[in-house]
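File shown: upload_37.cif (mmCIF, C-alpha atoms and all ligand atoms).
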```cif
data_structure
loop_
_atom_site.label_atom_id
_atom_site.label_comp_id
_atom_site.auth_asym_id
_atom_site.auth_seq_id
_atom_site.Cartn_x
_atom_site.Cartn_y
_atom_site.Cartn_z
CA MET A 208 7.55 -5.76 -20.58
CA ALA A 209 9.70 -2.66 -20.34
CA TYR A 210 9.89 -3.19 -16.57
CA PHE A 211 11.09 -6.75 -17.12
CA VAL A 212 13.69 -5.69 -19.70
CA MET A 213 15.08 -3.06 -17.36
CA ASN A 214 15.43 -5.54 -14.54
CA SER A 215 16.90 -8.63 -16.12
CA SER A 216 20.37 -8.97 -17.52
CA PRO A 217 20.67 -8.83 -21.31
CA PHE A 218 21.97 -12.40 -21.21
CA GLU A 219 18.95 -13.63 -19.21
CA LEU A 220 16.67 -11.93 -21.73
CA ALA A 221 18.57 -13.62 -24.59
CA GLN A 222 18.21 -17.00 -22.82
CA GLU A 223 14.49 -16.39 -22.50
CA ALA A 224 14.22 -15.47 -26.20
CA ALA A 225 16.19 -18.58 -27.15
CA ALA A 226 13.85 -20.74 -25.05
CA VAL A 227 10.82 -19.28 -26.85
CA ILE A 228 12.50 -19.89 -30.23
CA ALA A 229 13.34 -23.49 -29.27
CA SER A 230 9.80 -24.28 -28.18
CA ALA A 231 8.09 -22.45 -31.06
CA THR A 232 10.32 -23.99 -33.75
CA GLY A 233 10.90 -27.39 -32.15
CA VAL A 234 14.60 -26.90 -32.91
CA ALA A 235 16.54 -27.21 -29.67
CA ASN A 236 19.81 -25.80 -30.98
CA HIS A 237 20.88 -23.74 -33.96
CA ASP A 238 24.35 -23.98 -35.49
CA ILE A 239 24.60 -20.79 -37.45
CA ALA A 240 22.75 -17.47 -37.40
CA LEU A 241 22.29 -14.86 -40.10
CA THR A 242 21.06 -11.31 -39.83
CA LEU A 243 19.65 -10.23 -43.16
CA GLY A 244 20.05 -6.53 -43.94
CA SER A 245 18.84 -4.47 -46.91
CA GLY A 246 19.03 -6.51 -50.09
CA TRP A 247 19.78 -9.86 -48.43
CA GLY A 248 16.22 -10.86 -47.53
CA LYS A 249 15.77 -13.58 -50.14
CA ALA A 250 18.68 -15.65 -48.80
CA GLY A 251 16.41 -17.27 -46.22
CA GLU A 252 14.38 -19.38 -48.62
CA LEU A 253 17.50 -20.41 -50.56
CA LEU A 254 19.24 -21.74 -47.46
CA GLY A 255 17.08 -24.78 -47.07
CA GLU A 256 13.73 -25.86 -45.73
CA THR A 257 11.93 -23.38 -43.50
CA ILE A 258 10.91 -25.23 -40.34
CA ALA A 259 9.14 -22.31 -38.68
CA THR A 260 8.70 -18.58 -39.06
CA LEU A 261 8.14 -16.47 -35.97
CA ASP A 262 6.97 -12.91 -35.72
CA ALA A 263 9.88 -11.21 -33.95
CA SER A 264 7.47 -9.28 -31.77
CA ASP A 265 6.41 -12.62 -30.22
CA VAL A 266 9.95 -13.28 -29.02
CA PRO A 267 11.09 -11.65 -25.74
CA GLY A 268 13.18 -8.54 -26.20
CA PHE A 269 12.39 -8.03 -29.89
CA SER A 270 10.27 -5.21 -31.22
CA SER A 271 9.00 -4.98 -34.77
CA SER A 272 11.02 -2.93 -37.22
CA GLY A 273 9.66 0.35 -38.47
CA VAL A 274 11.96 0.59 -41.48
CA PRO A 275 10.45 -0.09 -44.93
CA GLY A 276 12.33 -2.91 -46.65
CA HIS A 277 13.14 -4.67 -43.38
CA SER A 278 11.04 -7.67 -42.39
CA GLY A 279 10.33 -8.55 -38.81
CA THR A 280 10.62 -12.30 -38.69
CA ILE A 281 12.85 -14.93 -37.14
CA ARG A 282 13.07 -18.20 -39.07
CA SER A 283 14.50 -21.61 -38.38
CA ILE A 284 15.84 -23.28 -41.49
CA SER A 285 17.09 -26.80 -41.97
CA MET A 286 20.05 -26.72 -44.35
CA PRO A 287 20.91 -29.53 -46.79
CA ASN A 288 24.16 -30.11 -44.87
CA GLY A 289 22.11 -30.98 -41.80
CA LYS A 290 22.80 -27.76 -39.94
CA ALA A 291 20.11 -25.56 -38.43
CA ALA A 292 20.19 -21.88 -39.37
CA LEU A 293 18.50 -19.09 -37.46
CA VAL A 294 17.58 -16.33 -39.87
CA ILE A 295 17.01 -13.00 -38.23
CA GLY A 296 15.09 -10.50 -40.32
CA ALA A 297 14.48 -8.14 -37.44
CA ARG A 298 17.31 -5.72 -36.80
CA THR A 299 17.16 -2.91 -34.29
CA HIS A 300 19.34 -0.05 -35.44
CA TYR A 301 21.36 2.13 -33.11
CA TYR A 302 19.62 5.23 -34.51
CA GLU A 303 16.28 3.97 -33.18
CA ASP A 304 17.43 5.07 -29.73
CA LYS A 305 16.24 1.89 -28.01
CA GLY A 306 19.65 1.45 -26.45
CA VAL A 307 22.63 -0.73 -27.32
CA ARG A 308 21.14 -3.71 -25.48
CA ALA A 309 18.22 -3.69 -27.94
CA VAL A 310 20.64 -3.37 -30.89
CA VAL A 311 22.57 -6.53 -29.97
CA HIS A 312 19.73 -8.57 -28.48
CA SER A 313 19.31 -10.60 -31.69
CA VAL A 314 23.00 -11.53 -31.67
CA ARG A 315 22.89 -12.53 -28.01
CA THR A 316 19.75 -14.53 -28.70
CA ALA A 317 21.48 -16.28 -31.62
CA ALA A 318 24.35 -17.21 -29.30
CA ALA A 319 21.88 -18.46 -26.70
CA THR A 320 20.28 -20.75 -29.32
CA GLY A 321 23.68 -22.38 -29.69
CA ALA A 322 24.91 -20.67 -32.86
CA LYS A 323 28.69 -20.66 -33.16
CA ILE A 324 28.84 -18.62 -36.36
CA MET A 325 27.17 -15.24 -36.81
CA ILE A 326 26.78 -13.92 -40.35
CA LEU A 327 25.99 -10.21 -40.32
CA THR A 328 24.80 -8.63 -43.56
CA ASN A 329 23.83 -5.08 -44.40
CA GLY A 330 23.23 -2.61 -47.14
CA ALA A 331 25.84 0.13 -47.11
CA GLY A 332 27.54 2.93 -48.99
CA GLY A 333 30.76 2.25 -50.88
CA ILE A 334 33.82 4.48 -50.74
CA LYS A 335 36.12 2.52 -53.08
CA GLU A 336 35.91 4.01 -56.57
CA SER A 337 36.14 0.55 -58.12
CA TRP A 338 32.87 -0.61 -56.50
CA SER A 339 29.42 -0.28 -58.04
CA PRO A 340 25.93 -0.44 -56.56
CA GLY A 341 24.70 -4.01 -56.37
CA GLN A 342 28.12 -5.42 -55.47
CA PRO A 343 28.57 -7.57 -52.34
CA VAL A 344 31.81 -7.16 -50.36
CA LEU A 345 33.31 -8.87 -47.33
CA ILE A 346 33.93 -6.87 -44.17
CA SER A 347 37.56 -7.26 -43.13
CA ASP A 348 37.45 -5.03 -40.04
CA HIS A 349 35.47 -2.12 -38.67
CA ILE A 350 35.74 1.36 -37.23
CA ASN A 351 33.03 2.03 -34.67
CA LEU A 352 32.07 5.71 -34.74
CA THR A 353 29.06 5.35 -32.47
CA ALA A 354 31.14 6.15 -29.38
CA ASN A 355 29.26 3.31 -27.73
CA SER A 356 29.74 -0.37 -26.94
CA PRO A 357 27.46 -3.31 -26.23
CA LEU A 358 29.86 -4.37 -23.48
CA GLU A 359 28.93 -3.31 -19.98
CA GLY A 360 31.39 -2.64 -17.20
CA ALA A 361 35.06 -3.56 -17.38
CA THR A 362 34.60 -6.19 -20.08
CA PHE A 363 37.80 -6.14 -22.10
CA ILE A 364 37.34 -8.13 -25.29
CA ASP A 365 40.06 -8.59 -27.90
CA LEU A 366 38.83 -7.61 -31.37
CA THR A 367 41.88 -8.69 -33.36
CA ASP A 368 40.51 -10.81 -36.21
CA LEU A 369 36.93 -9.91 -35.22
CA TYR A 370 35.87 -10.63 -38.80
CA SER A 371 37.17 -14.18 -39.02
CA LYS A 372 39.94 -14.70 -41.54
CA ARG A 373 38.94 -18.36 -41.72
CA LEU A 374 35.35 -17.52 -42.70
CA ARG A 375 36.45 -14.84 -45.19
CA THR A 376 38.73 -17.35 -46.85
CA LEU A 377 35.87 -19.86 -47.07
CA ALA A 378 33.59 -17.17 -48.55
CA LYS A 379 36.22 -16.46 -51.20
CA THR A 380 36.32 -20.11 -52.18
CA VAL A 381 32.62 -19.71 -53.05
CA ASP A 382 33.20 -16.42 -54.91
CA PRO A 383 36.87 -15.59 -55.61
CA SER A 384 35.83 -12.18 -56.99
CA LEU A 385 34.68 -10.98 -53.54
CA ASP A 386 36.58 -7.85 -52.51
CA GLU A 387 36.78 -6.75 -48.88
CA GLY A 388 36.91 -3.54 -46.94
CA VAL A 389 36.76 -1.81 -43.58
CA TYR A 390 33.22 -1.01 -42.43
CA VAL A 391 32.65 2.30 -40.69
CA GLN A 392 29.56 2.42 -38.49
CA PHE A 393 28.04 5.88 -38.21
CA ARG A 394 25.10 6.61 -35.94
CA GLY A 395 22.74 7.70 -38.74
CA PRO A 396 19.93 7.83 -39.63
CA HIS A 397 21.10 10.63 -41.91
CA TYR A 398 23.62 9.62 -44.51
CA GLU A 399 27.09 11.18 -44.32
CA THR A 400 28.12 14.51 -45.70
CA PRO A 401 30.78 14.26 -48.41
CA ALA A 402 33.28 15.61 -45.84
CA GLU A 403 32.40 12.80 -43.43
CA VAL A 404 32.89 10.26 -46.20
CA GLN A 405 36.33 11.75 -46.89
CA MET A 406 37.09 11.47 -43.17
CA ALA A 407 36.01 7.81 -43.18
CA LYS A 408 38.28 7.22 -46.16
CA ALA A 409 41.21 9.04 -44.53
CA ILE A 410 40.99 6.91 -41.37
CA GLY A 411 40.99 3.69 -43.38
CA GLY A 412 37.32 3.03 -44.14
CA HIS A 413 35.88 1.62 -47.36
CA ILE A 414 32.23 1.02 -46.44
CA VAL A 415 29.85 3.35 -44.58
CA GLY A 416 26.81 2.05 -42.74
CA MET A 417 24.59 2.27 -39.69
CA SER A 418 24.72 -1.24 -38.25
CA THR A 419 26.90 -4.32 -37.80
CA ALA A 420 29.91 -3.06 -35.79
CA LEU A 421 28.11 -3.07 -32.42
CA GLU A 422 26.54 -6.44 -33.29
CA ALA A 423 29.91 -7.93 -34.25
CA ILE A 424 31.39 -6.86 -30.90
CA ALA A 425 28.53 -8.54 -29.03
CA ALA A 426 28.94 -11.67 -31.16
CA ARG A 427 32.61 -11.84 -30.26
CA GLU A 428 31.80 -11.34 -26.58
CA ALA A 429 29.39 -14.28 -26.90
CA GLY A 430 32.19 -16.40 -28.37
CA MET A 431 30.85 -16.56 -31.91
CA GLU A 432 32.90 -16.45 -35.09
CA VAL A 433 31.78 -13.51 -37.26
CA LEU A 434 31.39 -13.20 -41.01
CA GLY A 435 30.35 -9.75 -42.28
CA LEU A 436 29.01 -8.98 -45.74
CA SER A 437 27.91 -5.61 -47.11
CA LEU A 438 25.84 -5.06 -50.19
CA ILE A 439 27.04 -1.79 -51.70
CA THR A 440 23.66 -0.29 -52.52
CA ASN A 441 24.99 3.16 -53.26
CA LEU A 442 28.25 4.99 -53.61
CA ALA A 443 28.87 7.04 -50.45
CA ALA A 444 27.93 10.72 -50.50
CA GLY A 445 30.25 12.76 -52.71
CA VAL A 446 31.84 9.65 -54.25
CA SER A 447 28.94 9.60 -56.67
CA PRO A 448 27.87 12.86 -58.34
CA HIS A 449 24.18 12.39 -57.49
CA PRO A 450 22.47 12.54 -54.09
CA LEU A 451 21.41 9.42 -52.13
CA SER A 452 17.86 8.33 -51.44
CA HIS A 453 16.35 5.52 -49.38
CA GLN A 454 14.39 4.55 -52.50
CA GLU A 455 17.66 4.11 -54.45
CA VAL A 456 18.94 1.90 -51.65
CA ILE A 457 15.82 -0.27 -51.78
CA ASP A 458 15.82 -0.40 -55.59
CA SER A 459 19.46 -1.45 -55.96
CA GLY A 460 18.99 -3.92 -53.12
CA LYS A 461 16.01 -5.46 -54.96
CA ALA A 462 17.95 -5.69 -58.21
CA ALA A 463 20.93 -7.40 -56.58
CA GLU A 464 18.82 -9.58 -54.27
CA PRO A 465 18.61 -12.80 -56.33
CA VAL A 466 22.37 -12.88 -57.00
CA ILE A 467 23.62 -11.99 -53.54
CA SER A 468 21.01 -14.14 -51.79
CA LYS A 469 22.23 -17.16 -53.75
CA LEU A 470 25.81 -16.18 -52.90
CA LEU A 471 24.99 -15.92 -49.20
CA ALA A 472 23.18 -19.26 -49.18
CA ASP A 473 26.16 -20.89 -50.90
CA ILE A 474 28.60 -19.31 -48.45
CA ALA A 475 26.52 -20.36 -45.42
CA SER A 476 26.33 -23.92 -46.75
CA ALA A 477 30.12 -23.99 -47.13
CA LEU A 478 30.89 -22.95 -43.53
I1 LIG A 501 21.95 1.05 -47.65
O1 LIG A 501 25.76 5.61 -47.77
C1 LIG A 501 23.13 2.42 -46.91
N1 LIG A 501 23.30 2.52 -45.60
N2 LIG A 501 25.94 5.48 -43.20
N3 LIG A 501 25.85 5.55 -45.52
C2 LIG A 501 25.46 5.00 -44.34
N4 LIG A 501 24.61 4.00 -44.27
C3 LIG A 501 24.14 3.52 -45.42
C4 LIG A 501 24.49 4.02 -46.66
C5 LIG A 501 25.40 5.10 -46.71
N5 LIG A 501 23.83 3.32 -47.59
#
```
What is this structure when it is put down as structure tokens?
Ligand code: 8IG
Amino acid sequence: MAYFVMNSSPFELAQEAAAVIASATGVANHDIALTLGSGWGKAGELLGETIATLDASDVPGFSSSGVPGHSGTIRSISMPNGKAALVIGARTHYYEDKGVRAVVHSVRTAAATGAKIMILTNGAGGIKESWSPGQPVLISDHINLTANSPLEGATFIDLTDLYSKRLRTLAKTVDPSLDEGVYVQFRGPHYETPAEVQMAKAIGGHIVGMSTALEAIAAREAGMEVLGLSLITNLAAGVSPHPLSHQEVIDSGKAAEPVISKLLADIASAL
């Protein structure tokens, strides 16, 4: 498998994954794809009728997640509006050191299944003082601090309006209280120091996380329209007086899950 991955283009591998998804689900094309991060997992069942659930490790190029709180499935869901949604519950994080191709494979696969809209969700730390844990926010733009890119060679892609204004406006029609902010992707897996959070704030960031930016770039390269949503599971280091823990992240994600999952399902149905 590793030999094959090394020797085929990432787009060929995504085509192969999409072919396996099409034959295993019986759904030839998907319209919309969603990656469910920490706290967003319950959105799948609220979106519509599950047609098929695949173990991600049975799909070419995917490996099962080792992070507690992350599932490893890929689902095809038939939405009440007649659209087919591909729900990806198997994210490879940059900090896993499997390479950027592995990080964005799910997004490229989503594009290869026909999806024109990519909804990327995550759990993240909040910098804005007005935000509280459990609050969902829209991503308006990002700052990529990984010093890496999913694009290979001289592939110059415009990222103006990467996080679609049109989709953000539609999301706000579903929930007018949704605030938005600039997502800063750090490598992780450690959380930031308070000084790093202050740096992120000084350069224009509002949300700190370990995913999404690289995926959004690959989605844009693939021609998809991107909607990004962060669940603020914790205040970023130093913004809150107490230290962060992965357990806190999972707990606040669980508490917010029913509300934000319903919100996400409603937003996806409105797109
Ligand atoms: I959930 O505070 C979650 N993911 N970088 N910082 C970073 N990633 C996160 C955080 C956070 N919370």
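Taking CA of Gly233 (chain A) and CA of Phe218 (chain A) as the two end points, the separation is 21.6 Å.
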Which residues of chain A come within 9 Å of ligand LIG 501 (chain A), and for each one, what is the closest pair of atoms and their distance in Å to one decimal, counting all atoms listed in the file, sorted by chain and residue number, as JSON lines?
```
{"residue": "A:Gly244", "atom": "CA", "partner": "A:LIG501", "partner_atom": "I1", "distance": 8.7}
{"residue": "A:Ser245", "atom": "CA", "partner": "A:LIG501", "partner_atom": "I1", "distance": 6.4}
{"residue": "A:Gly246", "atom": "CA", "partner": "A:LIG501", "partner_atom": "I1", "distance": 8.5}
{"residue": "A:Asn329", "atom": "CA", "partner": "A:LIG501", "partner_atom": "I1", "distance": 7.2}
{"residue": "A:Gly330", "atom": "CA", "partner": "A:LIG501", "partner_atom": "I1", "distance": 3.9}
{"residue": "A:Ala331", "atom": "CA", "partner": "A:LIG501", "partner_atom": "C1", "distance": 3.6}
{"residue": "A:Gly332", "atom": "CA", "partner": "A:LIG501", "partner_atom": "O1", "distance": 3.4}
{"residue": "A:Gly333", "atom": "CA", "partner": "A:LIG501", "partner_atom": "O1", "distance": 6.8}
{"residue": "A:Ile334", "atom": "CA", "partner": "A:LIG501", "partner_atom": "O1", "distance": 8.7}
{"residue": "A:Val391", "atom": "CA", "partner": "A:LIG501", "partner_atom": "N2", "distance": 7.8}
{"residue": "A:Gln392", "atom": "CA", "partner": "A:LIG501", "partner_atom": "N2", "distance": 6.7}
{"residue": "A:Phe393", "atom": "CA", "partner": "A:LIG501", "partner_atom": "N2", "distance": 5.4}
{"residue": "A:Arg394", "atom": "CA", "partner": "A:LIG501", "partner_atom": "N2", "distance": 7.4}
{"residue": "A:Gly395", "atom": "CA", "partner": "A:LIG501", "partner_atom": "N2", "distance": 5.9}
{"residue": "A:Pro396", "atom": "CA", "partner": "A:LIG501", "partner_atom": "N2", "distance": 7.4}
{"residue": "A:His397", "atom": "CA", "partner": "A:LIG501", "partner_atom": "N2", "distance": 7.2}
{"residue": "A:Tyr398", "atom": "CA", "partner": "A:LIG501", "partner_atom": "N3", "distance": 4.7}
{"residue": "A:Glu399", "atom": "CA", "partner": "A:LIG501", "partner_atom": "N3", "distance": 5.9}
{"residue": "A:Val404", "atom": "CA", "partner": "A:LIG501", "partner_atom": "N3", "distance": 8.5}
{"residue": "A:Ile414", "atom": "CA", "partner": "A:LIG501", "partner_atom": "N3", "distance": 7.9}
{"residue": "A:Val415", "atom": "CA", "partner": "A:LIG501", "partner_atom": "N3", "distance": 4.7}
{"residue": "A:Gly416", "atom": "CA", "partner": "A:LIG501", "partner_atom": "N4", "distance": 3.3}
{"residue": "A:Met417", "atom": "CA", "partner": "A:LIG501", "partner_atom": "N4", "distance": 4.9}
{"residue": "A:Ser418", "atom": "CA", "partner": "A:LIG501", "partner_atom": "N4", "distance": 8.0}
{"residue": "A:Ser437", "atom": "CA", "partner": "A:LIG501", "partner_atom": "I1", "distance": 9.0}
{"residue": "A:Leu438", "atom": "CA", "partner": "A:LIG501", "partner_atom": "I1", "distance": 7.7}
{"residue": "A:Ile439", "atom": "CA", "partner": "A:LIG501", "partner_atom": "I1", "distance": 7.1}
{"residue": "A:Thr440", "atom": "CA", "partner": "A:LIG501", "partner_atom": "I1", "distance": 5.3}
{"residue": "A:Asn441", "atom": "CA", "partner": "A:LIG501", "partner_atom": "N5", "distance": 5.8}
{"residue": "A:Leu442", "atom": "CA", "partner": "A:LIG501", "partner_atom": "O1", "distance": 6.4}
{"residue": "A:Ala443", "atom": "CA", "partner": "A:LIG501", "partner_atom": "O1", "distance": 4.3}
{"residue": "A:Ala444", "atom": "CA", "partner": "A:LIG501", "partner_atom": "O1", "distance": 6.2}
{"residue": "A:Leu451", "atom": "CA", "partner": "A:LIG501", "partner_atom": "O1", "distance": 7.2}
{"residue": "A:Ser452", "atom": "CA", "partner": "A:LIG501", "partner_atom": "N5", "distance": 8.7}
{"residue": "A:His453", "atom": "CA", "partner": "A:LIG501", "partner_atom": "I1", "distance": 7.4}
{"residue": "A:Glu455", "atom": "CA", "partner": "A:LIG501", "partner_atom": "I1", "distance": 8.6}
{"residue": "A:Val456", "atom": "CA", "partner": "A:LIG501", "partner_atom": "I1", "distance": 5.1}
{"residue": "A:Ile457", "atom": "CA", "partner": "A:LIG501", "partner_atom": "I1", "distance": 7.5}
{"residue": "A:Gly460", "atom": "CA", "partner": "A:LIG501", "partner_atom": "I1", "distance": 8.0}
```
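Of the residues under consideration (A:Leu434, A:Ile324, A:Leu358, A:Ile284), A:Leu434 shows the shortest atom-to-atom contact distance to Tyr370 (chain A) when counting all atoms listed in the file.
Picture a line from CA of Asp458 (chain A) to CA of Ile346 (chain A); it runs 22.4 Å.
Around Lys372 (chain A), within 12 Å and counting only C-alpha atoms, the residues found are Leu345, Ile346, Ser347, Asp348, Thr367, Asp368, Leu369, Tyr370, Leu374, Arg375, Thr376, Leu377, Ala378, Lys379, Glu387, Glu432, Val433, Leu434 and Gly435 of chain A, once anything fewer than 2 positions away on its own chain is removed.
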**OP:** Kindly give the distance, in Å, that separates CA of Leu352 (chain A) and CA of Ser270 (chain A), rounded to a single decimal.
**Re:**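 Distance reported for this atom pair: 24.6 Å.
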Subject >> Contacts of region 230-232 of chain A at 8 Å (only C-alpha atoms; same-chain gap of 6+ positions) as a ChimeraX atom specification >> reply: /A:258-261,283
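Of the listed residues (A:Ala472, A:Ala309, A:Ala477, A:Ala426), A:Ala309 comes nearest to Ala297 (chain A); the distances count only C-alpha atoms.
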**OP:** Kindly indicate which residue among A:Ala361, A:Val234, A:Ala291, A:Ala224 lies nearest to Ser313 (chain A), using only C-alpha atoms for the distances.
**Re:** A:Ala224
Find the residues around Gly411 (chain A) up to 8 Å (all atoms listed in the file counted), leave out those fewer than 3 positions away in its own chain, and share them as an mmCIF file with C-alpha atoms, in the coordinates of the input.
```
data_model
loop_
_atom_site.group_PDB
_atom_site.id
_atom_site.type_symbol
_atom_site.label_atom_id
_atom_site.label_comp_id
_atom_site.auth_asym_id
_atom_site.auth_seq_id
_atom_site.Cartn_x
_atom_site.Cartn_y
_atom_site.Cartn_z
ATOM 1 C CA VAL A 389 36.760 -1.810 -43.580
ATOM 2 C CA ALA A 407 36.010 7.810 -43.180
ATOM 3 C CA LYS A 408 38.280 7.220 -46.160
#
```
**OP:** Rank A:Gly268, A:Pro217, A:Leu436, A:Val466 by their smallest atom-to-atom distance to Leu385 (chain A), using all atoms listed in the file, and report the top residue only.
**Re:** A:Leu436
Subject >> All residues 9 Å or closer to region 315-321 of chain A, all atoms listed in the file, same chain fewer than 2 positions away omitted, as an MDAnalysis selection string >> reply: chainID A and resid 217:218 220:226 228:229 235:241 293 295 311:313 323:325 422 425:426 429:431
Subject >> Which residue of A:Val381, A:Asp262, A:Val310, A:Gly255 approaches Met286 (chain A) most closely, using all atoms listed in the file >> reply: A:Gly255
**OP:** For each of A:Leu471, A:Pro357, A:Ala462, A:Leu478, take the minimum atom-to-atom distance to Leu253 (chain A), counting only C-alpha atoms, then give the residue where this is smallest.
**Re:** A:Leu471
